[in-house]
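For reference, the structure discussed in these notes is given below.
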Amino acid sequence: IELQRPVGDRIVFDDLENFSFRVDHRAYTDEDVAAQEMTKIFDRCWLYVGHESEVPAPGSYVSRDVGGRPVVMARGSDGVIRVFANSCPHRGALICSQPAGQARSFRCPYHDWTFSNQGDLVGVPLPDGYGPGFRKSDFGLARHRSDSYRGFVFATFDPEQPRTLTEYLAGATEYLDLIADQSEVGMEVIQGAQLHGARANWKLMMENSVDIYHFRALHKRYVSYIESLGTMAPRRRGGFARALGRGHGANELVPAAARPLAYWTPMFPPEVRSRMEATAARFVERFGAERAQRITGANRALMIFPNLMIIDAIGITIRKIDPVSAGQMSITSVALAPKDEDPDIRELRKSHYLTFLGPAGFATPDDIEIVESCQRGYLNRTLRFSDLSRGMAKEVPETTDELPAREFWRQWDRLMHDGDDDHEEAQDVTQRAERQGAQRR
Ligand code: FES
Ligand code: FE
């Protein structure tokens with residue numbers, strides 16, 4: 001049953017001539033818009049499912065919701081990673097109720113139909129009740145199209161999705177490479193996810209996660225805490241915002257101290273610090289000075305449309321942001337790290353992950369509180385628009401510009417109007433259009 005009416009008037013007002021970019025608050029508050037997002041965005045795009053390291057061995061699996069659908073990502077006994085609908089082909093029950101584990105087969109608890117970890121139906125109790133037309137091969141688990149890029153596994157529910165994952169990711173691959181290259185033997189998700197919610201629209205958290213403009217204002221307690229310790233403050237030294245095509249964006253900033261972890265935090269014992277410097281030196285050998293500097297010397301936030309953020313600063317956080325309703329989201333965060341990391345550095349990484357970007361850390365509670373405050377502010381329906389035009393009139397975008405958010409919204413707008421997301425050349429379309437505008441000025 002289609003319970004849809006089209007998005008009536010425009011939601012996104014993109015005026016390159018006047019350097020104005022506004023989004024109607026109904027994009028965040030209207031349940032009809034939220035319902036349409038599920039079919040026009042989440043049923044069409046490639047969506048992040050998880051990281052290959054979460055299913056390291058044949059038989060490992062995780063189960064989670066992706067785009068509002070329960071799925072299982074399993075590595076079969078043949079070593080292949082597949083993404084299945086977590087729903088029994090008999091009468092629909094979840095065939096997997098554990099968040100993660102190891103299994104040769106999945107048994108549906110309702111009538112005990114049993115499926116191999118490659119998705120085949122292998123056992124049916126009381127089979128004598130079925131006629132000759134009943135073939136087990138017709139009742140395997142429904143499999144979603146999936147693929148991975150550098151260890152990051154995505155799936156799409158659109159059988160007509162015209163793009164390969166790599167095409168879909170467009171310019172975001174450059175940033176996934178900068179993350180995946182941080183270990184020669186591979187990256188891994190540190191066990192244990194943080195799950196929390198916020199009473200705000202999911203897109204507010206996407207905007208917030210790639211927004212550097214707010215850092216000094218909203219997180220001033222954190223900044224002053226670091227300053228009070230007499231260690232280096234995370235002073236902004238430079239960097240840039242990027243539109244990466246197809247709704248993806250990033251910003252990159254060169255912080256006051258080097259990576260792979262934030263040196264400026266006070267708790268680095270000198271011997272750990274020198275080991276970290278040795279790690280950084282190995283990057284120079286592997287990649288040459290320039291790329292090594294970019295990998296180890298810059299922080300970055302990568303936004304992959306529609307709902308994945310990878311924040312590679314003070315450790316690496318993978319944040320999946322899911323709509324629950326127009327005014328409610330759920331957030332799942334995990335930490336990513338080099339598999340071969342020095343144990344002391346790993347401990348520091350975990351502590352940074354928890355104390356900064358964790359749901360009870362220094363930063364995230366501020367962010368959650370402020371996106372909830374925006375959502376409440378929208379109740380004043382006379383103030384209809386958010387403005388996201390910062391940096392639109394500039395030829396070279398700075399990290400604090402709202403360019404990545406504009407790239408997100410332009411793609412959102414195209415998809416919500418059933419438009420094709422095809423550009424002649426996916427990357428930098430937004431940026432080029434804005435630059436031309438700035439030059440005309
Ligand atoms: Fe799964 Fe019946 S619903 S076995
Ligand atoms: Fe923040």
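Residue numbering restarts at 1 for every chain of the structure tokens, chains are lettered A, B, ... in their displayed order, and ligands are numbered from 1 as they appear.
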Which chains and residue numbers are within 6 Å of ligand 1, counting only C-alpha atoms and all ligand atoms, if I want them as a PDB file with N, CA, C and O atoms, in the first residue's frame?
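File produced: out25.pdb:
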```pdb
ATOM      1  N   CYS A  88      12.785 -15.243   8.390  1.00  0.00           N
ATOM      2  CA  CYS A  88      12.647 -16.622   7.934  1.00  0.00           C
ATOM      3  C   CYS A  88      11.753 -16.700   6.701  1.00  0.00           C
ATOM      4  O   CYS A  88      10.654 -16.132   6.686  1.00  0.00           O
ATOM      5  N   HIS A  90       9.985 -18.972   5.866  1.00  0.00           N
ATOM      6  CA  HIS A  90       8.735 -19.680   6.180  1.00  0.00           C
ATOM      7  C   HIS A  90       7.649 -18.667   6.533  1.00  0.00           C
ATOM      8  O   HIS A  90       6.790 -18.363   5.720  1.00  0.00           O
ATOM      9  N   ARG A  91       7.722 -18.066   7.704  1.00  0.00           N
ATOM     10  CA  ARG A  91       6.667 -17.122   8.072  1.00  0.00           C
ATOM     11  C   ARG A  91       7.208 -15.835   8.670  1.00  0.00           C
ATOM     12  O   ARG A  91       6.492 -15.094   9.320  1.00  0.00           O
ATOM     13  N   GLY A  92       8.502 -15.614   8.461  1.00  0.00           N
ATOM     14  CA  GLY A  92       9.014 -14.271   8.698  1.00  0.00           C
ATOM     15  C   GLY A  92       9.759 -13.997   9.984  1.00  0.00           C
ATOM     16  O   GLY A  92      10.329 -12.916  10.134  1.00  0.00           O
ATOM     17  N   ALA A  93       9.795 -14.933  10.932  1.00  0.00           N
ATOM     18  CA  ALA A  93      10.462 -14.625  12.211  1.00  0.00           C
ATOM     19  C   ALA A  93      11.948 -14.309  11.996  1.00  0.00           C
ATOM     20  O   ALA A  93      12.548 -14.725  10.994  1.00  0.00           O
ATOM     21  N   CYS A 108      15.698 -21.147  12.893  1.00  0.00           N
ATOM     22  CA  CYS A 108      14.589 -20.253  13.211  1.00  0.00           C
ATOM     23  C   CYS A 108      13.860 -20.807  14.432  1.00  0.00           C
ATOM     24  O   CYS A 108      13.499 -21.984  14.453  1.00  0.00           O
ATOM     25  N   TYR A 110      10.908 -20.427  15.467  1.00  0.00           N
ATOM     26  CA  TYR A 110       9.453 -20.606  15.390  1.00  0.00           C
ATOM     27  C   TYR A 110       9.095 -22.068  15.077  1.00  0.00           C
ATOM     28  O   TYR A 110       8.375 -22.727  15.819  1.00  0.00           O
ATOM     29  N   HIS A 111       9.630 -22.608  13.955  1.00  0.00           N
ATOM     30  CA  HIS A 111       9.325 -24.007  13.606  1.00  0.00           C
ATOM     31  C   HIS A 111      10.585 -24.818  13.321  1.00  0.00           C
ATOM     32  O   HIS A 111      10.529 -25.874  12.714  1.00  0.00           O
ATOM     33  N   ASP A 112      11.733 -24.242  13.711  1.00  0.00           N
ATOM     34  CA  ASP A 112      13.019 -24.949  13.578  1.00  0.00           C
ATOM     35  C   ASP A 112      13.500 -25.187  12.148  1.00  0.00           C
ATOM     36  O   ASP A 112      14.254 -26.138  11.904  1.00  0.00           O
ATOM     37  N   TRP A 113      13.083 -24.400  11.213  1.00  0.00           N
ATOM     38  CA  TRP A 113      13.759 -24.486   9.916  1.00  0.00           C
ATOM     39  C   TRP A 113      15.215 -24.064  10.132  1.00  0.00           C
ATOM     40  O   TRP A 113      15.501 -23.139  10.909  1.00  0.00           O
TER      41      TRP A 113
END
```
List every residue of range 259-439 of chain A that DSSP, applied to the backbone, labels as alpha helix (DSSP H), and write the result as a CSV table (one decimal) with C-alpha atoms, in the first residue's frame.
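What ended up in states-v9.csv:
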```
chain,number,residue,atom,x,y,z
A,270,PRO,CA,57.2,9.7,27.0
A,271,GLU,CA,58.1,6.1,26.0
A,272,VAL,CA,54.6,5.6,24.4
A,273,ARG,CA,55.1,8.9,22.6
A,274,SER,CA,58.4,7.8,21.2
A,275,ARG,CA,56.8,4.5,20.0
A,276,MET,CA,54.1,6.5,18.3
A,277,GLU,CA,56.8,8.6,16.6
A,278,ALA,CA,58.4,5.4,15.4
A,279,THR,CA,55.1,4.4,13.9
A,280,ALA,CA,54.8,7.7,12.1
A,281,ALA,CA,58.3,7.2,10.7
A,282,ARG,CA,57.2,3.9,9.2
A,283,PHE,CA,54.4,5.6,7.3
A,284,VAL,CA,57.1,7.8,5.6
A,285,GLU,CA,58.8,4.7,4.5
A,286,ARG,CA,55.6,3.1,3.1
A,287,PHE,CA,54.0,6.1,1.5
A,289,ALA,CA,56.7,12.0,3.1
A,290,GLU,CA,53.7,13.8,1.6
A,291,ARG,CA,51.1,11.1,1.9
A,292,ALA,CA,52.5,9.9,5.3
A,293,GLN,CA,52.0,13.5,6.5
A,294,ARG,CA,48.4,13.4,5.3
A,295,ILE,CA,47.7,10.1,7.0
A,296,THR,CA,49.4,10.7,10.3
A,297,GLY,CA,49.3,14.5,10.5
A,343,PRO,CA,49.0,-2.6,23.3
A,344,ASP,CA,49.8,0.6,25.2
A,345,ILE,CA,48.8,2.8,22.3
A,346,ARG,CA,45.6,0.7,21.9
A,347,GLU,CA,44.7,1.4,25.6
A,348,LEU,CA,45.2,5.1,25.0
A,349,ARG,CA,43.1,4.9,21.8
A,350,LYS,CA,40.2,3.3,23.7
A,351,SER,CA,40.4,5.9,26.4
A,352,HIS,CA,40.3,8.7,23.8
A,364,THR,CA,29.1,13.8,22.1
A,365,PRO,CA,26.9,14.9,24.9
A,366,ASP,CA,27.3,18.5,23.8
A,367,ASP,CA,26.4,17.5,20.2
A,368,ILE,CA,23.4,15.4,21.3
A,369,GLU,CA,22.1,18.2,23.5
A,370,ILE,CA,22.4,20.8,20.7
A,371,VAL,CA,20.7,18.7,18.0
A,372,GLU,CA,17.9,18.0,20.4
A,373,SER,CA,17.7,21.7,21.0
A,374,CYS,CA,17.5,22.4,17.3
A,375,GLN,CA,14.6,20.0,17.0
A,376,ARG,CA,12.8,21.7,19.8
A,377,GLY,CA,13.5,25.1,18.3
A,403,LEU,CA,30.1,22.8,2.1
A,404,PRO,CA,29.8,19.1,3.1
A,405,ALA,CA,26.3,19.7,4.4
A,406,ARG,CA,25.3,21.4,1.2
A,407,GLU,CA,26.6,18.4,-0.8
A,408,PHE,CA,24.5,16.1,1.5
A,409,TRP,CA,21.4,18.2,1.0
A,410,ARG,CA,21.8,18.5,-2.8
A,411,GLN,CA,21.9,14.7,-3.1
A,412,TRP,CA,19.0,14.4,-0.6
A,413,ASP,CA,16.9,16.8,-2.7
A,414,ARG,CA,17.7,15.0,-6.0
A,415,LEU,CA,16.7,11.6,-4.6
A,416,MET,CA,13.6,12.9,-2.8
A,429,VAL,CA,30.4,19.1,-8.9
A,430,THR,CA,29.1,21.1,-5.9
A,431,GLN,CA,32.5,22.6,-5.3
A,432,ARG,CA,33.0,23.6,-8.9
A,433,ALA,CA,29.6,25.3,-9.2
A,434,GLU,CA,30.2,27.2,-6.0
A,435,ARG,CA,33.6,28.2,-7.1
A,436,GLN,CA,32.3,29.6,-10.4
A,437,GLY,CA,29.8,31.6,-8.4
A,438,ALA,CA,32.5,33.0,-6.2
A,439,GLN,CA,34.6,33.9,-9.2
```
Go through chain A and flag each residue having an atom no more than 8 Å from ligand 2; for those, report the closest pair of atoms plus their distance in Å to one decimal, using only C-alpha atoms and all ligand atoms, ordered by chain and rising number, as a tab-separated table.
```
residue	atom	partner	partner_atom_place_in_ligand_line	distance
A:Asn208	CA	ligand 2	1 (Fe)	6.4
A:Ser209	CA	ligand 2	1 (Fe)	6.5
A:Asp211	CA	ligand 2	1 (Fe)	7.4
A:Ile212	CA	ligand 2	1 (Fe)	7.5
A:His214	CA	ligand 2	1 (Fe)	6.6
A:Phe215	CA	ligand 2	1 (Fe)	5.7
A:Leu218	CA	ligand 2	1 (Fe)	6.9
A:His219	CA	ligand 2	1 (Fe)	6.6
A:Ala363	CA	ligand 2	1 (Fe)	5.5
A:Thr364	CA	ligand 2	1 (Fe)	6.2
A:Asp366	CA	ligand 2	1 (Fe)	6.7
A:Asp367	CA	ligand 2	1 (Fe)	5.0
```
(request) Skip range 313-319 of chain A itself and residues of its chain fewer than 3 positions away, then list as a PyMOL selection string all residues within 7 Å of it, counting only C-alpha atoms. (result) chain A and resi 261-262+299-300+308-310+331-337+349+352-353
(message) So, with only C-alpha atoms as the atoms that count, which of A:Phe139, A:Asp15, A:Asp147, A:Gly119 lies closest to Thr164 in chain A?
(response)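 Among A:Phe139, A:Asp15, A:Asp147, A:Gly119, it is A:Asp147 that comes nearest to Thr164 in chain A.
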(message) Please report the interatomic distance between CA of Arg69 in chain A and CA of His25 in chain A in Å with one decimal.
(response)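 So the two atoms, CA of Arg69 in chain A and CA of His25 in chain A, lie 26.6 Å apart.
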What's the 9 Å shell around Val122 in chain A, counting only C-alpha atoms, without same-chain residues fewer than 3 positions away, as a compact mmCIF listing (two decimals) with C-alpha atoms, in the first residue's frame?
```txt
# COMPACT_ATOMS: atom_id res chain seq x y z
CA SER A 105 23.85 -22.70 10.83
CA TRP A 113 13.76 -24.49 9.92
CA THR A 114 17.54 -24.49 9.66
CA PHE A 115 19.76 -22.52 7.28
CA SER A 116 23.45 -22.93 6.58
CA GLY A 119 21.93 -19.05 3.45
CA LYS A 136 14.21 -26.51 -0.18
CA SER A 137 16.19 -24.59 -2.76
CA GLY A 140 16.95 -20.02 1.16
```
(message) Run DSSP on the backbone and tell me which residues of range 145-262 of chain A come out as strand (DSSP E or B); list them as number ranges by chain.
(response) A: 145-149, 152-156, 187-189, 194-198, 239-245, 248-253
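A straight line drawn from CA of Arg22 in chain A to CA of Leu383 in chain A is 11.8 Å long.
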